[in-house]
>>> print(open('final-v3.txt').read())   # compact mmCIF, C-alpha atoms
# COMPACT_ATOMS: atom_id res chain seq x y z
CA MET A 1 0.00 0.00 0.00
CA ILE A 2 2.85 2.42 0.81
CA LYS A 3 4.48 1.80 -2.59
CA TYR A 4 1.13 2.39 -4.28
CA LEU A 5 0.55 5.71 -2.49
CA LEU A 6 4.07 6.87 -3.29
CA ALA A 7 3.52 6.05 -6.95
CA LEU A 8 0.33 8.14 -7.02
CA CYS A 9 2.11 11.06 -5.33
CA VAL A 10 4.83 11.01 -7.97
CA LEU A 11 2.23 10.97 -10.73
CA PHE A 12 0.43 13.97 -9.28
CA LEU A 13 3.73 15.84 -9.05
CA GLY A 14 4.35 15.21 -12.74
CA ASN A 15 7.39 12.96 -12.37
CA VAL A 16 5.84 9.93 -14.07
CA SER A 17 9.19 8.62 -15.28
CA ALA A 18 10.86 8.92 -11.89
CA ILE A 19 9.77 5.47 -10.68
CA PRO A 20 8.51 2.36 -12.49
CA THR A 21 4.88 1.33 -12.34
CA PRO A 22 4.44 -1.09 -9.42
CA LYS A 23 3.58 -4.61 -10.54
CA PRO A 24 0.49 -6.11 -8.88
CA LYS A 25 0.82 -9.61 -7.52
CA ASN A 26 -2.92 -10.22 -7.92
CA ILE A 27 -5.51 -8.79 -10.30
CA ILE A 28 -9.22 -8.87 -9.55
CA LEU A 29 -11.60 -7.79 -12.32
CA LEU A 30 -15.18 -7.14 -11.24
CA ILE A 31 -17.81 -6.75 -13.95
CA GLY A 32 -21.25 -5.32 -13.27
CA ASP A 33 -23.11 -6.58 -16.33
CA GLY A 34 -25.28 -3.77 -17.67
CA MET A 35 -23.99 -1.33 -15.03
CA GLY A 36 -23.92 2.21 -16.38
CA LEU A 37 -23.49 5.43 -14.45
CA THR A 38 -27.22 5.62 -13.78
CA GLN A 39 -27.31 2.14 -12.25
CA VAL A 40 -24.46 3.21 -9.96
CA THR A 41 -26.31 6.41 -9.07
CA ALA A 42 -29.54 4.53 -8.34
CA GLY A 43 -27.69 2.18 -6.00
CA LEU A 44 -25.99 5.08 -4.25
CA TYR A 45 -29.18 7.03 -3.51
CA ALA A 46 -30.96 3.84 -2.43
CA ASN A 47 -28.15 3.11 0.05
CA ASN A 48 -28.07 6.30 2.09
CA LYS A 49 -25.91 8.00 -0.57
CA ARG A 50 -22.94 5.67 -0.02
CA LEU A 51 -21.31 2.89 -2.04
CA ASN A 52 -18.05 1.00 -1.76
CA LEU A 53 -17.33 2.24 -5.28
CA GLU A 54 -16.65 5.67 -3.77
CA ARG A 55 -13.50 4.26 -2.14
CA PHE A 56 -11.66 3.89 -5.45
CA PRO A 57 -9.02 6.60 -6.01
CA VAL A 58 -8.96 6.28 -9.82
CA THR A 59 -12.03 6.54 -12.06
CA GLY A 60 -12.53 6.67 -15.80
CA LEU A 61 -14.98 6.04 -18.62
CA MET A 62 -14.94 3.28 -21.21
CA LYS A 63 -16.06 2.83 -24.82
CA THR A 64 -17.92 -0.45 -25.27
CA HIS A 65 -18.56 -0.99 -29.01
CA SER A 66 -17.79 -4.36 -30.60
CA ALA A 67 -16.32 -5.15 -34.02
CA SER A 68 -19.76 -5.87 -35.49
CA HIS A 69 -22.02 -3.39 -33.70
CA LEU A 70 -21.94 0.01 -32.05
CA ILE A 71 -23.90 -1.64 -29.24
CA THR A 72 -22.06 -4.66 -27.90
CA ASP A 73 -23.39 -7.80 -26.29
CA SER A 74 -21.82 -9.39 -23.21
CA ALA A 75 -19.87 -11.99 -25.21
CA ALA A 76 -18.00 -9.51 -27.37
CA GLY A 77 -17.64 -7.13 -24.42
CA ALA A 78 -16.11 -9.77 -22.17
CA THR A 79 -13.86 -11.07 -24.95
CA ALA A 80 -12.48 -7.53 -25.29
CA PHE A 81 -11.65 -7.67 -21.57
CA SER A 82 -10.21 -11.17 -21.66
CA CYS A 83 -8.26 -11.08 -24.95
CA GLY A 84 -7.83 -7.42 -25.84
CA CYS A 85 -9.43 -7.73 -29.27
CA LYS A 86 -12.63 -6.43 -30.81
CA THR A 87 -14.88 -9.21 -32.04
CA TYR A 88 -18.41 -9.82 -33.29
CA ASN A 89 -21.41 -9.97 -30.99
CA GLY A 90 -21.90 -13.48 -29.67
CA ALA A 91 -18.25 -14.56 -29.88
CA ILE A 92 -16.74 -16.31 -26.85
CA GLY A 93 -12.94 -15.97 -26.69
CA MET A 94 -12.73 -15.72 -30.49
CA THR A 95 -11.42 -13.04 -32.83
CA ARG A 96 -13.60 -11.49 -35.51
CA ALA A 97 -11.98 -14.04 -37.89
CA LYS A 98 -13.29 -16.84 -35.62
CA LYS A 99 -9.86 -17.82 -34.33
CA PRO A 100 -9.28 -18.54 -30.61
CA CYS A 101 -7.60 -15.72 -28.68
CA LEU A 102 -5.50 -16.38 -25.59
CA THR A 103 -7.21 -14.93 -22.51
CA ILE A 104 -5.67 -13.19 -19.52
CA LEU A 105 -6.91 -16.05 -17.33
CA GLU A 106 -5.21 -18.64 -19.54
CA GLN A 107 -2.01 -16.59 -19.52
CA ALA A 108 -2.13 -16.33 -15.74
CA LYS A 109 -2.56 -20.09 -15.40
CA LYS A 110 0.32 -20.76 -17.84
CA ASN A 111 2.51 -18.51 -15.68
CA GLY A 112 1.74 -20.44 -12.51
CA LEU A 113 -0.88 -18.15 -10.99
CA ALA A 114 -4.11 -19.30 -9.38
CA THR A 115 -7.31 -18.41 -11.23
CA GLY A 116 -10.97 -18.01 -10.38
CA LEU A 117 -14.37 -17.21 -11.89
CA VAL A 118 -17.50 -16.19 -9.97
CA ALA A 119 -20.86 -15.18 -11.46
CA THR A 120 -24.48 -14.78 -10.48
CA SER A 121 -25.36 -16.31 -13.86
CA SER A 122 -24.52 -19.79 -15.06
CA ILE A 123 -20.74 -20.20 -15.09
CA THR A 124 -21.07 -20.97 -18.83
CA HIS A 125 -22.80 -17.64 -19.52
CA ALA A 126 -21.23 -15.11 -21.87
CA THR A 127 -19.08 -13.13 -19.44
CA PRO A 128 -17.40 -15.89 -17.41
CA ALA A 129 -17.20 -18.13 -20.49
CA SER A 130 -15.19 -15.51 -22.39
CA PHE A 131 -12.29 -15.91 -19.97
CA ILE A 132 -11.91 -19.69 -20.39
CA ALA A 133 -13.71 -20.89 -23.54
CA HIS A 134 -13.37 -20.46 -27.30
CA VAL A 135 -16.58 -21.02 -29.30
CA ASP A 136 -18.29 -19.24 -32.19
CA SER A 137 -21.51 -18.59 -30.31
CA ARG A 138 -22.44 -17.86 -26.70
CA ALA A 139 -25.43 -20.19 -27.12
CA GLU A 140 -23.15 -23.26 -27.15
CA MET A 141 -23.37 -23.80 -23.40
CA GLU A 142 -22.44 -27.48 -23.38
CA ALA A 143 -19.46 -26.83 -25.65
CA ILE A 144 -18.40 -24.02 -23.30
CA ALA A 145 -18.57 -26.36 -20.30
CA LEU A 146 -15.94 -28.63 -21.87
CA PHE A 147 -13.32 -25.91 -21.52
CA PHE A 148 -13.62 -26.07 -17.74
CA LEU A 149 -11.96 -29.47 -17.98
CA GLU A 150 -9.12 -28.10 -20.12
CA THR A 151 -8.01 -25.14 -18.00
CA GLU A 152 -8.02 -25.80 -14.26
CA LEU A 153 -9.72 -23.10 -12.26
CA ASP A 154 -8.71 -22.92 -8.61
CA PHE A 155 -12.05 -21.40 -7.57
CA MET A 156 -15.35 -21.49 -9.43
CA VAL A 157 -18.84 -20.45 -8.31
CA GLY A 158 -21.89 -20.00 -10.53
CA GLY A 159 -24.94 -21.69 -11.97
CA GLY A 160 -25.25 -23.99 -14.97
CA LEU A 161 -24.91 -27.39 -13.30
CA LYS A 162 -27.01 -29.03 -16.03
CA TYR A 163 -24.42 -28.22 -18.68
CA PHE A 164 -22.02 -30.42 -16.71
CA ASN A 165 -24.15 -33.32 -15.44
CA ASP A 166 -27.18 -33.44 -17.75
CA ARG A 167 -25.62 -33.04 -21.16
CA LYS A 168 -27.63 -33.73 -24.33
CA THR A 169 -24.75 -33.64 -26.83
CA ASP A 170 -22.43 -36.32 -25.49
CA GLN A 171 -23.87 -37.74 -22.23
CA ARG A 172 -20.57 -37.07 -20.42
CA ASN A 173 -20.79 -36.24 -16.72
CA LEU A 174 -18.36 -33.34 -16.37
CA TYR A 175 -19.35 -32.92 -12.73
CA LYS A 176 -17.90 -36.35 -11.95
CA GLU A 177 -14.91 -35.62 -14.16
CA LEU A 178 -14.13 -32.52 -12.09
CA ILE A 179 -14.14 -34.69 -8.97
CA GLN A 180 -11.84 -37.17 -10.72
CA LYS A 181 -9.47 -34.30 -11.52
CA GLY A 182 -9.16 -33.54 -7.81
CA TYR A 183 -11.72 -30.77 -7.39
CA GLN A 184 -13.66 -30.27 -4.19
CA VAL A 185 -17.07 -30.04 -5.88
CA SER A 186 -20.58 -29.48 -4.55
CA ASN A 187 -23.80 -27.72 -5.45
CA PHE A 188 -26.89 -25.99 -4.12
CA GLN A 189 -28.74 -29.29 -3.73
CA GLU A 190 -26.05 -30.89 -1.58
CA LYS A 191 -24.66 -28.18 0.66
CA PRO A 192 -24.96 -24.37 1.01
CA LEU A 193 -21.86 -22.40 0.07
CA LYS A 194 -21.69 -20.86 3.55
CA LYS A 195 -21.03 -24.33 4.99
CA PHE A 196 -17.73 -24.66 3.11
CA THR A 197 -14.19 -23.81 4.08
CA PRO A 198 -12.42 -24.80 0.84
CA ASP A 199 -9.29 -26.88 1.29
CA PRO A 200 -6.39 -24.89 -0.24
CA ALA A 201 -4.83 -28.20 -1.32
CA SER A 202 -7.61 -28.67 -3.90
CA PRO A 203 -9.38 -26.54 -6.52
CA PHE A 204 -12.94 -25.68 -5.49
CA ALA A 205 -16.18 -25.59 -7.49
CA TRP A 206 -19.74 -24.93 -6.29
CA PHE A 207 -22.78 -24.76 -8.57
CA SER A 208 -25.48 -22.37 -7.44
CA ALA A 209 -28.30 -23.58 -9.73
CA SER A 210 -29.13 -26.17 -12.34
CA GLY A 211 -29.61 -23.42 -14.91
CA GLU A 212 -29.65 -19.73 -14.09
CA PRO A 213 -29.63 -18.67 -10.40
CA ASP A 214 -32.52 -16.76 -8.84
CA SER A 215 -32.39 -13.00 -8.51
CA VAL A 216 -31.14 -11.52 -5.26
CA GLN A 217 -34.74 -10.47 -4.53
CA ALA A 218 -35.72 -14.14 -4.63
CA GLY A 219 -33.11 -15.02 -2.02
CA ARG A 220 -29.88 -15.55 -3.93
CA ASN A 221 -27.15 -14.15 -1.70
CA TYR A 222 -23.85 -15.85 -2.48
CA LEU A 223 -21.95 -13.10 -4.34
CA PRO A 224 -20.39 -11.21 -1.37
CA LEU A 225 -19.61 -14.52 0.34
CA SER A 226 -18.00 -15.84 -2.85
CA ALA A 227 -15.86 -12.71 -3.08
CA LYS A 228 -14.50 -13.29 0.41
CA MET A 229 -14.01 -17.02 -0.07
CA ALA A 230 -12.34 -16.58 -3.46
CA THR A 231 -9.67 -14.17 -2.24
CA GLU A 232 -8.91 -16.33 0.80
CA HIS A 233 -8.68 -19.52 -1.26
CA LEU A 234 -6.78 -18.13 -4.24
CA SER A 235 -4.20 -16.36 -2.08
CA LYS A 236 -3.35 -19.74 -0.56
CA ARG A 237 -3.28 -21.64 -3.86
CA ALA A 238 -0.33 -19.89 -5.53
CA GLU A 239 2.56 -18.02 -3.92
CA ASN A 240 3.13 -15.78 -6.93
CA GLY A 241 -0.41 -14.44 -7.23
CA PHE A 242 -3.84 -14.95 -8.78
CA PHE A 243 -6.37 -13.67 -11.29
CA LEU A 244 -10.05 -13.50 -10.36
CA MET A 245 -13.02 -12.37 -12.45
CA LEU A 246 -16.24 -11.80 -10.52
CA GLU A 247 -19.47 -10.75 -12.22
CA GLY A 248 -22.65 -9.23 -10.87
CA SER A 249 -24.55 -10.76 -13.79
CA GLN A 250 -28.13 -9.87 -13.02
CA ILE A 251 -27.96 -6.08 -12.99
CA ASP A 252 -28.31 -6.59 -16.73
CA TRP A 253 -31.25 -8.98 -16.45
CA ALA A 254 -33.18 -6.64 -14.16
CA CYS A 255 -32.69 -3.77 -16.60
CA HIS A 256 -33.77 -5.92 -19.55
CA ALA A 257 -36.94 -6.58 -17.56
CA LYS A 258 -37.28 -2.83 -16.79
CA ASP A 259 -37.48 -3.74 -13.12
CA GLY A 260 -36.06 -0.78 -11.20
CA PRO A 261 -36.22 -2.19 -7.65
CA ARG A 262 -34.59 -5.44 -8.76
CA ALA A 263 -31.87 -3.52 -10.63
CA VAL A 264 -31.09 -1.53 -7.49
CA ALA A 265 -31.03 -4.70 -5.37
CA GLU A 266 -28.59 -6.36 -7.81
CA MET A 267 -26.43 -3.23 -7.86
CA LEU A 268 -26.21 -3.21 -4.07
CA ASP A 269 -25.42 -6.93 -3.98
CA PHE A 270 -22.56 -6.30 -6.41
CA ASP A 271 -21.35 -3.36 -4.33
CA GLN A 272 -21.26 -5.56 -1.21
CA ALA A 273 -19.04 -7.99 -3.12
CA ILE A 274 -16.84 -5.04 -4.09
CA GLY A 275 -16.57 -4.17 -0.40
CA GLU A 276 -15.31 -7.69 0.40
CA ILE A 277 -12.73 -7.45 -2.38
CA LEU A 278 -11.53 -4.07 -1.13
CA LYS A 279 -11.07 -5.45 2.39
CA PHE A 280 -8.68 -8.03 0.96
CA ALA A 281 -6.89 -5.57 -1.32
CA GLU A 282 -6.38 -2.96 1.39
CA ALA A 283 -4.89 -5.54 3.75
CA ASP A 284 -2.84 -7.23 1.05
CA GLY A 285 -1.30 -4.14 -0.59
CA GLN A 286 -0.32 -6.07 -3.73
CA THR A 287 -3.69 -6.42 -5.43
CA LEU A 288 -5.02 -4.39 -8.35
CA VAL A 289 -8.82 -4.17 -8.31
CA ILE A 290 -10.69 -3.04 -11.43
CA VAL A 291 -14.45 -2.54 -11.56
CA THR A 292 -16.30 -1.87 -14.80
CA ALA A 293 -19.21 -2.98 -16.99
CA ASP A 294 -19.45 -4.62 -20.39
CA HIS A 295 -22.21 -2.18 -21.43
CA GLU A 296 -25.19 -0.25 -20.06
CA THR A 297 -28.60 -1.88 -20.21
CA GLY A 298 -32.03 -0.33 -20.42
CA GLY A 299 -31.22 3.33 -20.91
CA MET A 300 -32.00 3.78 -17.22
CA VAL A 301 -33.07 7.26 -16.13
CA LEU A 302 -33.77 8.63 -12.67
CA GLU A 303 -36.72 10.95 -12.18
CA GLN A 304 -37.89 12.85 -9.12
CA GLY A 305 -40.43 10.89 -7.15
CA GLU A 306 -42.83 12.10 -4.52
CA GLY A 307 -40.69 13.67 -1.81
CA PHE A 308 -37.15 15.06 -1.81
CA GLU A 309 -35.48 11.72 -1.03
CA VAL A 310 -37.46 9.64 -3.55
CA LEU A 311 -36.34 8.75 -7.08
CA ASP A 312 -38.36 6.93 -9.69
CA VAL A 313 -36.36 4.53 -11.86
CA GLU A 314 -37.45 4.45 -15.50
CA PHE A 315 -36.08 2.84 -18.66
CA ASN A 316 -35.86 4.09 -22.24
CA SER A 317 -35.60 0.55 -23.60
CA GLY A 318 -35.18 -3.05 -22.55
CA GLN A 319 -31.99 -3.44 -24.54
CA HIS A 320 -28.29 -2.63 -24.28
CA THR A 321 -27.19 0.90 -25.12
CA ALA A 322 -24.02 2.48 -26.50
CA ALA A 323 -23.42 4.70 -23.46
CA LEU A 324 -19.95 4.99 -21.97
CA VAL A 325 -19.62 2.99 -18.75
CA PRO A 326 -17.56 3.73 -15.63
CA VAL A 327 -14.19 2.24 -14.70
CA TYR A 328 -12.84 2.18 -11.14
CA ALA A 329 -9.34 1.10 -10.06
CA PHE A 330 -7.51 0.56 -6.79
CA GLY A 331 -4.05 -0.75 -5.99
CA PRO A 332 -0.72 -1.02 -7.82
CA GLY A 333 -1.15 0.05 -11.43
CA ALA A 334 -4.52 1.72 -10.84
CA GLU A 335 -3.33 4.99 -12.38
CA HIS A 336 -3.43 3.39 -15.85
CA PHE A 337 -7.21 3.06 -15.79
CA GLY A 338 -8.25 6.73 -15.60
CA GLY A 339 -9.52 8.91 -18.44
CA ILE A 340 -11.49 7.63 -21.41
CA ILE A 341 -10.32 4.19 -22.49
CA ASP A 342 -11.48 1.39 -24.77
CA ASN A 343 -12.79 -1.96 -23.52
CA THR A 344 -9.77 -3.68 -25.10
CA ASP A 345 -7.53 -1.54 -22.88
CA ILE A 346 -8.72 -3.47 -19.82
CA TYR A 347 -6.89 -6.55 -21.11
CA ARG A 348 -3.94 -4.61 -22.51
CA LYS A 349 -3.26 -2.74 -19.30
CA MET A 350 -3.57 -5.87 -17.14
CA ALA A 351 -1.26 -7.77 -19.51
CA MET A 352 1.23 -4.89 -19.57
CA LEU A 353 1.39 -4.75 -15.78
CA TRP A 354 2.04 -8.49 -15.59
CA GLY A 355 4.60 -8.45 -18.39
CA TYR A 356 2.44 -10.49 -20.76
CA LEU A 357 2.31 -7.63 -23.25
CA THR A 358 5.35 -5.76 -24.52
CA GLU A 359 3.89 -3.45 -27.18
CA PRO A 360 2.52 0.01 -26.18
CA VAL A 361 -0.94 0.06 -24.65
CA VAL A 362 -3.30 1.70 -27.13
CA GLY A 363 -7.05 1.73 -27.63
CA ASN A 364 -8.82 0.22 -30.66
>>> encode(input="final-v3.txt", output="structure tokens")
Amino acid sequence: MIKYLLALCVLFLGNVSAIPTPKPKNIILLIGDGMGLTQVTAGLYANNKRLNLERFPVTGLMKTHSASHLITDSAAGATAFSCGCKTYNGAIGMTRAKKPCLTILEQAKKNGLATGLVATSSITHATPASFIAHVDSRAEMEAIALFFLETELDFMVGGGLKYFNDRKTDQRNLYKELIQKGYQVSNFQEKPLKKFTPDPASPFAWFSASGEPDSVQAGRNYLPLSAKMATEHLSKRAENGFFLMLEGSQIDWACHAKDGPRAVAEMLDFDQAIGEILKFAEADGQTLVIVTADHETGGMVLEQGEGFEVLDVEFNSGQHTAALVPVYAFGPGAEHFGGIIDNTDIYRKMAMLWGYLTEPVVGN
């Protein structure tokens, strides 16, 4: 933490070249799917005007367009984060020429780091899938699940159990295969997540639903707990660091449904997870935390309700929009994430800081 503060002081004084950029040991990327500035604002005013997001010293804005559309989908948006390339909507870890692109998670694993994925969607959904799988279409859920047997994750929490143990394409039981590979594996039917203390000697996987998990309003509450468990487990799994991607998936779904109260509840659930991550990062001092969104959803607007403290949440559409989305950064290397950047810069800056990328960091 001291090195990080000193680096920021030097930057503010204008002596950027005086010291090298500190290299983070760990990188945690948190994605609020569909989270634009208005979703953040709605969460803030619904939570006594405070969010954990306010604790980040570096903020910026991000362009979200894909290679095929001005308005991206989550697959192309997450592939930009994971691989640093623009691609067509629907692509999972593939270039616009439909060739596999090496992801930051795969690079971390190849370099001996621990890796983790957490989502409030199925773990095979577009965003988490884009960090581990390579398929032409996000709809190929069973094909995506196969990649979880190819690249070992040290920590995995999300829905989508049926794509592992009730497969229609090949009748394989990937759930059992994970156990055979040495995973500590369980699911919502067998044991609640809160009952686990994952053994650091083994990779850990817990499935939160057969398909897609419930909304937080319906009782789903594992995201903040997963954030805490993931950092504790991953920090014990590899001495030289870890990469974790955690997604608040259902902010997007609530906005598609034009459900303002649900969108706010999902935003606050995500912010609680951010708070758990910041606790770890502040104590650790070697962790870069990045929070952003793949796109904004719904064209959310906030209107004055009845009474000074009341806001009405409205939506211009039930679809994604082309609005810039916020970026927040904390920890060593955070200063690289300010200003207006491109979604591909998320990968490029992470890769640069870890020495996986040698060319200059530029936007697309």
>>> residues_around(input="final-v3.txt", residues="Arg138 in chain A", least_positions_apart="3", cutoff="10 Å", atoms="all atoms listed in the file", output="PDB file with C-alpha atoms, in the coordinates of the input")
ATOM      1  CA  SER A  74     -21.820  -9.390 -23.210  1.00  0.00           C
ATOM      2  CA  ALA A  75     -19.870 -11.990 -25.210  1.00  0.00           C
ATOM      3  CA  ALA A  76     -18.000  -9.510 -27.370  1.00  0.00           C
ATOM      4  CA  ASN A  89     -21.410  -9.970 -30.990  1.00  0.00           C
ATOM      5  CA  GLY A  90     -21.900 -13.480 -29.670  1.00  0.00           C
ATOM      6  CA  ALA A  91     -18.250 -14.560 -29.880  1.00  0.00           C
ATOM      7  CA  ILE A  92     -16.740 -16.310 -26.850  1.00  0.00           C
ATOM      8  CA  GLY A  93     -12.940 -15.970 -26.690  1.00  0.00           C
ATOM      9  CA  THR A 124     -21.070 -20.970 -18.830  1.00  0.00           C
ATOM     10  CA  HIS A 125     -22.800 -17.640 -19.520  1.00  0.00           C
ATOM     11  CA  ALA A 126     -21.230 -15.110 -21.870  1.00  0.00           C
ATOM     12  CA  THR A 127     -19.080 -13.130 -19.440  1.00  0.00           C
ATOM     13  CA  ALA A 129     -17.200 -18.130 -20.490  1.00  0.00           C
ATOM     14  CA  SER A 130     -15.190 -15.510 -22.390  1.00  0.00           C
ATOM     15  CA  ALA A 133     -13.710 -20.890 -23.540  1.00  0.00           C
ATOM     16  CA  HIS A 134     -13.370 -20.460 -27.300  1.00  0.00           C
ATOM     17  CA  VAL A 135     -16.580 -21.020 -29.300  1.00  0.00           C
ATOM     18  CA  MET A 141     -23.370 -23.800 -23.400  1.00  0.00           C
ATOM     19  CA  ALA A 143     -19.460 -26.830 -25.650  1.00  0.00           C
ATOM     20  CA  ILE A 144     -18.400 -24.020 -23.300  1.00  0.00           C
TER      21      ILE A 144
END
>>> residues_around(input="final-v3.txt", residues="Val157 in chain A", least_positions_apart="3", cutoff="7 Å", atoms="all atoms listed in the file", output="MDAnalysis selection string")
chainID A and resid 117:119 205:208
>>> atom_distance(input="final-v3.txt", atom1="CA of Thr197 in chain A", atom2="CA of Gln286 in chain A")
23.8 Å
>>> residues_near_point(input="final-v3.txt", point="(-36.0, 2.7, -16.6)", cutoff="9 Å", atoms="only C-alpha atoms", output="PyMOL selection string")
chain A and resi 255+258-260+298-302+312-318
>>> write_last_selection(input="final-v3.txt", atoms="C-alpha atoms", output="PDB file, in the frame of the given file")
ATOM      1  CA  CYS A 255     -32.690  -3.770 -16.600  1.00  0.00           C
ATOM      2  CA  LYS A 258     -37.280  -2.830 -16.790  1.00  0.00           C
ATOM      3  CA  ASP A 259     -37.480  -3.740 -13.120  1.00  0.00           C
ATOM      4  CA  GLY A 260     -36.060  -0.780 -11.200  1.00  0.00           C
ATOM      5  CA  GLY A 298     -32.030  -0.330 -20.420  1.00  0.00           C
ATOM      6  CA  GLY A 299     -31.220   3.330 -20.910  1.00  0.00           C
ATOM      7  CA  MET A 300     -32.000   3.780 -17.220  1.00  0.00           C
ATOM      8  CA  VAL A 301     -33.070   7.260 -16.130  1.00  0.00           C
ATOM      9  CA  LEU A 302     -33.770   8.630 -12.670  1.00  0.00           C
ATOM     10  CA  ASP A 312     -38.360   6.930  -9.690  1.00  0.00           C
ATOM     11  CA  VAL A 313     -36.360   4.530 -11.860  1.00  0.00           C
ATOM     12  CA  GLU A 314     -37.450   4.450 -15.500  1.00  0.00           C
ATOM     13  CA  PHE A 315     -36.080   2.840 -18.660  1.00  0.00           C
ATOM     14  CA  ASN A 316     -35.860   4.090 -22.240  1.00  0.00           C
ATOM     15  CA  SER A 317     -35.600   0.550 -23.600  1.00  0.00           C
ATOM     16  CA  GLY A 318     -35.180  -3.050 -22.550  1.00  0.00           C
TER      17      GLY A 318
END
>>> closest_residue(input="final-v3.txt", among="A:Lys25, A:Lys162, A:Lys109, A:Arg96", to="Asp136 in chain A", atoms="only C-alpha atoms")
A:Arg96
>>> decode(input="final-v3.txt", residues="range 87-117 of chain A", atoms="C-alpha atoms", output="compact mmCIF listing (two decimals), in the first residue's frame")
# COMPACT_ATOMS: atom_id res chain seq x y z
CA THR A 87 -14.88 -9.21 -32.04
CA TYR A 88 -18.41 -9.82 -33.29
CA ASN A 89 -21.41 -9.97 -30.99
CA GLY A 90 -21.90 -13.48 -29.67
CA ALA A 91 -18.25 -14.56 -29.88
CA ILE A 92 -16.74 -16.31 -26.85
CA GLY A 93 -12.94 -15.97 -26.69
CA MET A 94 -12.73 -15.72 -30.49
CA THR A 95 -11.42 -13.04 -32.83
CA ARG A 96 -13.60 -11.49 -35.51
CA ALA A 97 -11.98 -14.04 -37.89
CA LYS A 98 -13.29 -16.84 -35.62
CA LYS A 99 -9.86 -17.82 -34.33
CA PRO A 100 -9.28 -18.54 -30.61
CA CYS A 101 -7.60 -15.72 -28.68
CA LEU A 102 -5.50 -16.38 -25.59
CA THR A 103 -7.21 -14.93 -22.51
CA ILE A 104 -5.67 -13.19 -19.52
CA LEU A 105 -6.91 -16.05 -17.33
CA GLU A 106 -5.21 -18.64 -19.54
CA GLN A 107 -2.01 -16.59 -19.52
CA ALA A 108 -2.13 -16.33 -15.74
CA LYS A 109 -2.56 -20.09 -15.40
CA LYS A 110 0.32 -20.76 -17.84
CA ASN A 111 2.51 -18.51 -15.68
CA GLY A 112 1.74 -20.44 -12.51
CA LEU A 113 -0.88 -18.15 -10.99
CA ALA A 114 -4.11 -19.30 -9.38
CA THR A 115 -7.31 -18.41 -11.23
CA GLY A 116 -10.97 -18.01 -10.38
CA LEU A 117 -14.37 -17.21 -11.89
